[in-house]
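Novice: File follows, start-v3.txt with compact mmCIF, C-alpha atoms:
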# COMPACT_ATOMS: atom_id res chain seq x y z
CA MET A 1 -13.99 -13.59 36.84
CA THR A 2 -12.41 -16.40 34.83
CA THR A 3 -12.46 -19.80 36.52
CA THR A 4 -10.47 -22.92 35.75
CA ALA A 5 -12.16 -26.27 36.21
CA HIS A 6 -10.36 -28.87 38.27
CA PRO A 7 -9.09 -31.74 36.04
CA LEU A 8 -11.43 -34.20 37.77
CA GLN A 9 -14.37 -31.91 37.07
CA THR A 10 -13.27 -31.68 33.46
CA VAL A 11 -13.20 -35.48 33.16
CA ALA A 12 -16.68 -35.78 34.71
CA ALA A 13 -18.05 -33.05 32.45
CA THR A 14 -16.51 -34.67 29.38
CA ARG A 15 -18.05 -38.02 30.22
CA ALA A 16 -21.44 -36.38 30.71
CA ARG A 17 -21.22 -34.63 27.32
CA THR A 18 -20.08 -37.83 25.64
CA ALA A 19 -23.07 -39.67 27.10
CA ALA A 20 -25.33 -36.84 25.87
CA ASN A 21 -23.95 -37.08 22.34
CA VAL A 22 -24.24 -40.86 22.27
CA ALA A 23 -27.84 -40.61 23.46
CA ARG A 24 -28.70 -38.12 20.71
CA GLU A 25 -27.01 -40.24 18.03
CA ARG A 26 -28.73 -43.49 18.98
CA PHE A 27 -31.34 -44.97 16.62
CA ALA A 28 -34.56 -46.11 18.28
CA ALA A 29 -38.34 -46.04 18.05
CA PRO A 30 -39.94 -42.56 18.19
CA ALA A 31 -40.99 -42.84 21.85
CA THR A 32 -37.48 -43.95 22.83
CA ILE A 33 -35.90 -41.20 20.73
CA THR A 34 -37.90 -38.66 22.73
CA ALA A 35 -36.67 -40.16 25.99
CA LEU A 36 -33.09 -40.17 24.70
CA ARG A 37 -33.32 -36.47 23.89
CA PHE A 38 -34.46 -35.66 27.41
CA ILE A 39 -31.72 -37.87 28.84
CA ALA A 40 -29.16 -36.07 26.67
CA ALA A 41 -30.42 -32.71 27.91
CA HIS A 42 -29.97 -33.82 31.52
CA PHE A 43 -26.43 -34.99 30.78
CA ASP A 44 -25.63 -31.65 29.12
CA ALA A 45 -27.03 -29.80 32.13
CA ALA A 46 -24.89 -31.92 34.45
CA ALA A 47 -21.77 -31.14 32.41
CA THR A 48 -22.53 -27.41 32.40
CA ALA A 49 -23.11 -27.42 36.16
CA CYS A 50 -19.88 -29.33 36.73
CA ASP A 51 -17.94 -26.79 34.65
CA ALA A 52 -19.47 -23.92 36.64
CA TYR A 53 -17.90 -24.97 39.94
CA ASP A 54 -15.41 -22.30 41.06
CA GLY A 55 -14.70 -23.43 44.59
CA THR A 56 -16.87 -20.79 46.27
CA THR A 57 -20.18 -22.69 46.46
CA ASN A 58 -21.44 -26.24 46.12
CA ALA A 59 -24.54 -25.13 44.21
CA PRO A 60 -23.19 -26.30 40.82
CA PHE A 61 -22.51 -29.77 42.20
CA MET A 62 -26.00 -29.93 43.67
CA GLU A 63 -27.39 -29.02 40.24
CA MET A 64 -25.20 -31.67 38.63
CA TRP A 65 -26.52 -34.37 40.96
CA ARG A 66 -30.13 -33.28 40.34
CA SER A 67 -29.62 -33.48 36.58
CA LEU A 68 -28.00 -36.90 36.81
CA ALA A 69 -30.80 -38.14 39.07
CA ASP A 70 -33.35 -37.02 36.46
CA ALA A 71 -31.35 -38.80 33.75
CA ARG A 72 -31.20 -42.00 35.82
CA GLU A 73 -34.96 -41.96 36.35
CA LEU A 74 -35.60 -41.75 32.59
CA ILE A 75 -33.02 -44.45 31.85
CA VAL A 76 -34.76 -46.84 34.25
CA LEU A 77 -38.16 -46.03 32.73
CA HIS A 78 -36.92 -46.59 29.16
CA PRO A 79 -34.75 -49.74 28.93
CA ASP A 80 -34.98 -49.57 25.11
CA CYS A 81 -32.54 -46.66 25.32
CA ARG A 82 -29.84 -49.34 25.80
CA LEU A 83 -28.24 -47.30 28.57
CA PRO A 84 -27.76 -48.99 31.95
CA ASP A 85 -28.33 -46.64 34.87
CA THR A 86 -24.72 -47.32 35.90
CA VAL A 87 -23.71 -44.81 33.22
CA ILE A 88 -24.28 -42.22 35.96
CA ASP A 89 -21.62 -43.92 38.10
CA TYR A 90 -19.11 -43.62 35.26
CA ILE A 91 -19.75 -39.89 35.09
CA THR A 92 -19.40 -39.29 38.82
CA ALA A 93 -16.51 -41.72 39.44
CA PRO A 94 -13.79 -39.06 38.89
CA LEU A 95 -15.40 -36.94 41.61
CA THR A 96 -16.28 -39.66 44.10
CA ALA A 97 -13.21 -41.90 43.61
CA ALA A 98 -15.63 -44.84 43.61
CA PRO A 99 -14.61 -47.89 41.54
CA LEU A 100 -16.18 -48.22 38.11
CA PRO A 101 -19.36 -50.32 38.21
CA ALA A 102 -19.16 -54.04 37.52
CA LEU A 103 -21.73 -55.87 35.41
CA PRO A 104 -24.15 -58.08 37.37
CA ARG A 105 -24.31 -61.72 36.31
CA LEU A 106 -26.95 -62.42 33.67
CA LEU A 107 -26.73 -66.24 33.99
CA PRO A 108 -28.04 -67.07 30.49
CA PRO A 109 -29.66 -70.50 30.20
CA ASN A 110 -27.98 -71.16 26.84
CA GLU A 111 -24.28 -71.41 26.04
CA TRP A 112 -24.10 -68.90 23.18
CA ASP A 113 -25.51 -66.08 25.30
CA ALA A 114 -23.21 -67.13 28.14
CA ALA A 115 -20.24 -66.87 25.76
CA GLU A 116 -21.32 -63.39 24.66
CA GLU A 117 -21.73 -62.28 28.28
CA ALA A 118 -18.21 -63.51 29.09
CA ALA A 119 -16.79 -61.70 26.04
CA LEU A 120 -18.50 -58.41 26.92
CA ARG A 121 -17.37 -58.68 30.53
CA THR A 122 -13.77 -59.25 29.41
CA GLN A 123 -13.95 -56.29 27.02
CA LEU A 124 -15.33 -53.99 29.70
CA ASP A 125 -12.72 -55.13 32.23
CA GLY A 126 -10.05 -54.23 29.67
CA LEU A 127 -11.51 -50.76 29.23
CA HIS A 128 -11.64 -50.25 32.99
CA ALA A 129 -7.97 -51.18 33.19
CA ASP A 130 -6.97 -48.83 30.35
CA ILE A 131 -6.50 -45.81 32.59
CA GLU A 132 -4.10 -44.17 30.14
CA THR A 133 -6.68 -43.94 27.34
CA ALA A 134 -9.43 -42.99 29.79
CA ASP A 135 -7.36 -39.95 30.81
CA ALA A 136 -5.78 -39.07 27.46
CA ASP A 137 -8.87 -39.46 25.24
CA THR A 138 -11.87 -39.49 27.55
CA ASP A 139 -14.43 -39.06 24.78
CA ARG A 140 -13.19 -41.99 22.69
CA TRP A 141 -12.74 -44.21 25.75
CA PHE A 142 -16.21 -43.50 27.11
CA ARG A 143 -17.85 -43.96 23.70
CA THR A 144 -16.30 -47.42 23.57
CA VAL A 145 -17.54 -48.16 27.09
CA LEU A 146 -21.06 -47.06 26.16
CA ALA A 147 -20.98 -49.22 23.02
CA VAL A 148 -20.13 -52.28 25.12
CA LEU A 149 -22.85 -51.40 27.63
CA ALA A 150 -25.39 -51.04 24.80
CA LYS A 151 -24.57 -54.59 23.64
CA TRP A 152 -24.86 -55.77 27.23
CA LYS A 153 -28.32 -54.16 27.61
CA ARG A 154 -29.47 -55.88 24.42
CA LEU A 155 -28.16 -59.20 25.74
CA GLU A 156 -29.79 -58.56 29.12
CA GLY A 157 -33.17 -58.18 27.41
CA ALA A 158 -32.69 -61.37 25.39
CA VAL A 159 -31.64 -63.36 28.47
CA ASN A 160 -34.59 -61.97 30.42
CA VAL A 161 -36.99 -63.33 27.78
CA ASP A 162 -35.17 -66.64 27.34
CA SER A 163 -35.00 -67.26 31.09
CA ARG A 164 -38.80 -67.13 31.31
CA ARG A 165 -39.46 -69.72 28.61
CA PRO A 166 -41.15 -72.82 30.11
CA PHE A 167 -38.60 -75.24 28.63
CA ASN A 168 -35.75 -73.38 30.36
CA ARG A 169 -37.21 -73.54 33.87
CA ALA A 170 -35.00 -76.38 35.11
CA ARG A 171 -31.81 -74.79 33.80
CA VAL A 172 -32.76 -71.37 35.21
CA ALA A 173 -33.40 -72.93 38.63
CA GLU A 174 -29.97 -74.59 38.54
CA LEU A 175 -28.32 -71.25 37.78
CA HIS A 176 -30.28 -69.03 40.18
CA LEU A 177 -31.11 -71.21 43.19
CA LYS A 178 -29.05 -73.08 45.77
CA CYS A 179 -30.31 -74.54 49.03
CA ILE A 180 -28.14 -73.59 51.99
CA ALA A 181 -28.46 -77.14 53.34
CA CYS A 182 -28.20 -79.56 50.40
CA GLY A 183 -27.13 -77.31 47.53
CA GLY A 184 -30.15 -78.35 45.46
CA SER A 185 -32.22 -76.07 43.23
CA THR A 186 -35.71 -77.56 43.75
CA ILE A 187 -36.96 -74.72 45.92
CA ARG A 188 -40.45 -73.32 46.37
CA PHE A 189 -41.13 -69.71 47.39
CA THR A 190 -43.89 -68.17 49.50
CA VAL A 191 -45.17 -64.58 49.49
CA ARG A 192 -43.60 -63.95 52.89
CA GLU A 193 -40.10 -64.16 51.44
CA TRP A 194 -39.63 -67.66 52.74
CA ALA A 195 -38.41 -70.56 50.63
CA VAL A 196 -38.52 -74.31 51.23
CA CYS A 197 -36.20 -76.78 49.53
CA GLU A 198 -37.25 -80.26 48.42
CA CYS A 199 -34.99 -81.55 51.21
CA GLY A 200 -37.28 -79.83 53.72
CA ARG A 201 -34.93 -76.99 54.72
CA GLY A 202 -36.56 -73.58 55.07
CA GLN A 203 -34.61 -70.41 54.26
CA THR A 204 -35.08 -66.79 53.32
CA TRP A 205 -35.25 -65.79 49.67
CA ALA A 206 -31.84 -64.12 50.00
CA ASP A 207 -30.31 -67.37 51.25
CA ALA A 208 -31.95 -69.44 48.49
CA MET A 209 -30.93 -67.17 45.58
CA ALA A 210 -27.44 -67.70 44.16
CA CYS A 211 -27.88 -64.95 41.55
CA ASP A 212 -27.66 -61.16 41.39
CA CYS A 213 -31.41 -60.73 40.82
CA ARG A 214 -33.63 -58.63 43.04
CA GLY A 215 -36.36 -60.70 44.65
CA TYR A 216 -39.41 -60.80 42.38
CA ASP A 217 -37.25 -59.85 39.37
CA CYS A 218 -35.61 -63.28 39.47
CA PRO A 219 -37.00 -65.59 36.76
CA ALA A 220 -36.61 -68.56 39.11
CA VAL A 221 -38.89 -66.85 41.66
CA GLN A 222 -41.42 -65.79 39.02
CA CYS A 223 -41.59 -69.30 37.56
CA PRO A 224 -45.10 -70.70 38.31
CA ALA A 225 -43.56 -74.02 39.33
CA ALA A 226 -41.66 -72.24 42.09
CA GLN A 227 -44.75 -70.77 43.73
CA HIS A 228 -47.07 -72.10 46.39
Give the structure from this file in structure tokens form.

Specialist:
Amino acid sequence: MTTTAHPLQTVAATRARTAANVARERFAAPATITALRFIAAHFDAAATACDAYDGTTNAPFMEMWRSLADARELIVLHPDCRLPDTVIDYITAPLTAAPLPALPRLLPPNEWDAAEEAALRTQLDGLHADIETADADTDRWFRTVLAVLAKWKRLEGAVNVDSRRPFNRARVAELHLKCIACGGSTIRFTVREWAVCECGRGQTWADAMACDCRGYDCPAVQCPAAQH
């Protein structure tokens, strides 16, 4: 029996195949190349499963989600692939109707990286708004999105290193921390997820952090000067 894929399935499958091709074409160290090949295979499998849906069973969609979950796991394990795990959300967005993922704030401690972050964010926002191209030429549109995300991943790595340099500690604290009482950034953290400001106000880590970081991943929390 011949089946016809729903347009939304076609868009999702096309994005998955585009991501697979980009992963295979990317230059990287041998270990990363191996990871990219496995990631590409998972994207291809997701696209094939998506195409196989004929409306009679949800098995193809279950296979698609399994393949994308495997791809996400490898992406997280191999940041040198220069693929954020949000690439999965771009692939599934046509099927879930979820909004396209926004970039978290990097909060670079230097102005040139901050300018690049702002430029990349503006470029990505423009791509998100270009619905016409996204529908008419999905492959070209998604390749452009992935190119911007690759630059963002490179910048993310550079900011991560720069934010942990001793001479940037004060600036990083100003960007990442804000006391709920006085608005200051001289805050010390304890292992029980409690923070105390220089003004004497105690607060949870979540209240003290003005950034998009996740707990221990925050350079302001990891800074030795911020620890008891």

Novice: Write out as a PyMOL selection string which residues come within 9 Å of region 86-102 of chain A when counting all atoms listed in the file, dropping same-chain ones fewer than 2 positions away.

Specialist: chain A and resi 8-9+11-16+19+65+68-69+71-72+83-84+104+121+124-125+128+142+146+149

Novice: Any idea what's packed within 8 Å of Ile180 (chain A), counting all atoms listed in the file, ignoring anything in its chain fewer than 2 positions away? Could you give it as a list of chain:residue names?

Specialist: A:Lys178, A:Cys182, A:Gly183, A:Gln203, A:Asp207, A:Ala208

Novice: Could you jot down the CA of Met62 (chain A) to CA of Val76 (chain A) separation for me, Å, one decimal place?

Specialist: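 So the answer is 21.2 Å.
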
Novice: One decimal, in Å: what's the spacing between CA of Ala45 (chain A) and CA of Thr18 (chain A)?

Specialist: 12.4 Å

Novice: What does the structure give for the distance between CA of Ala181 (chain A) and CA of Arg105 (chain A), in Å to one decimal?

Specialist: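 Separation between CA of Ala181 (chain A) and CA of Arg105 (chain A): 23.3 Å.
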
Novice: Determine the nearest neighbour of Ala173 (chain A) from the options A:Arg188, A:Arg17, A:Arg24, A:Arg82, counting all atoms listed in the file.

Specialist: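 For Ala173 (chain A), the nearest of the given residues is A:Arg188.
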
Novice: Which polymer residues have any atom within 8 Å of an atom of region 194-199 of chain A, counting only C-alpha atoms, with same-chain residues fewer than 3 positions away left out, as a ChimeraX atom specification?

Specialist: /A:179,182,184-191,202-205,208

Novice: Contacts of region 159-161 of chain A at 10 Å or less, counting only C-alpha atoms, minus same-chain residues fewer than 6 places along, as an NGL selection string?

Specialist: :A and (106-110 or 113-114 or 117 or 153 or 217-219)

Novice: Could you pull the residues within 8 Å of Leu120 (chain A), counting all atoms listed in the file, minus those fewer than 5 positions along the same chain, as number ranges by chain?

Specialist: A: 148, 151-152

Novice: Pick out the closest residue to Arg154 (chain A) from this set: A:Asn168, A:Asp80, A:Cys213, A:Asp51. Count only C-alpha atoms.

Specialist: A:Asp80

Novice: Hey, can I get the axis-aligned box for region 75-83 of chain A? All listed atoms, 6 Å padding on each side, centre and edge lengths in Å to one decimal, as AutoDock Vina command-line options.

Specialist:
--center_x -33.2 --center_y -47.1 --center_z 29.7 --size_x 21.9 --size_y 17.3 --size_z 21.1

Novice: Could you tell me which of A:Thr48, A:Asp85, A:Gly126, A:Glu116 comes closest to Ala158 (chain A) if we count all atoms listed in the file?

Specialist: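 Counting all atoms listed in the file, the residue closest to Ala158 (chain A) is A:Glu116.
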
Novice: Identify which of the residues A:Thr32, A:Arg192, A:Ala210, A:Ser163 lies closest to Gln222 (chain A), counting only C-alpha atoms when measuring atom-to-atom distances.

Specialist: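 Closest to Gln222 (chain A), using only C-alpha atoms: A:Ser163.
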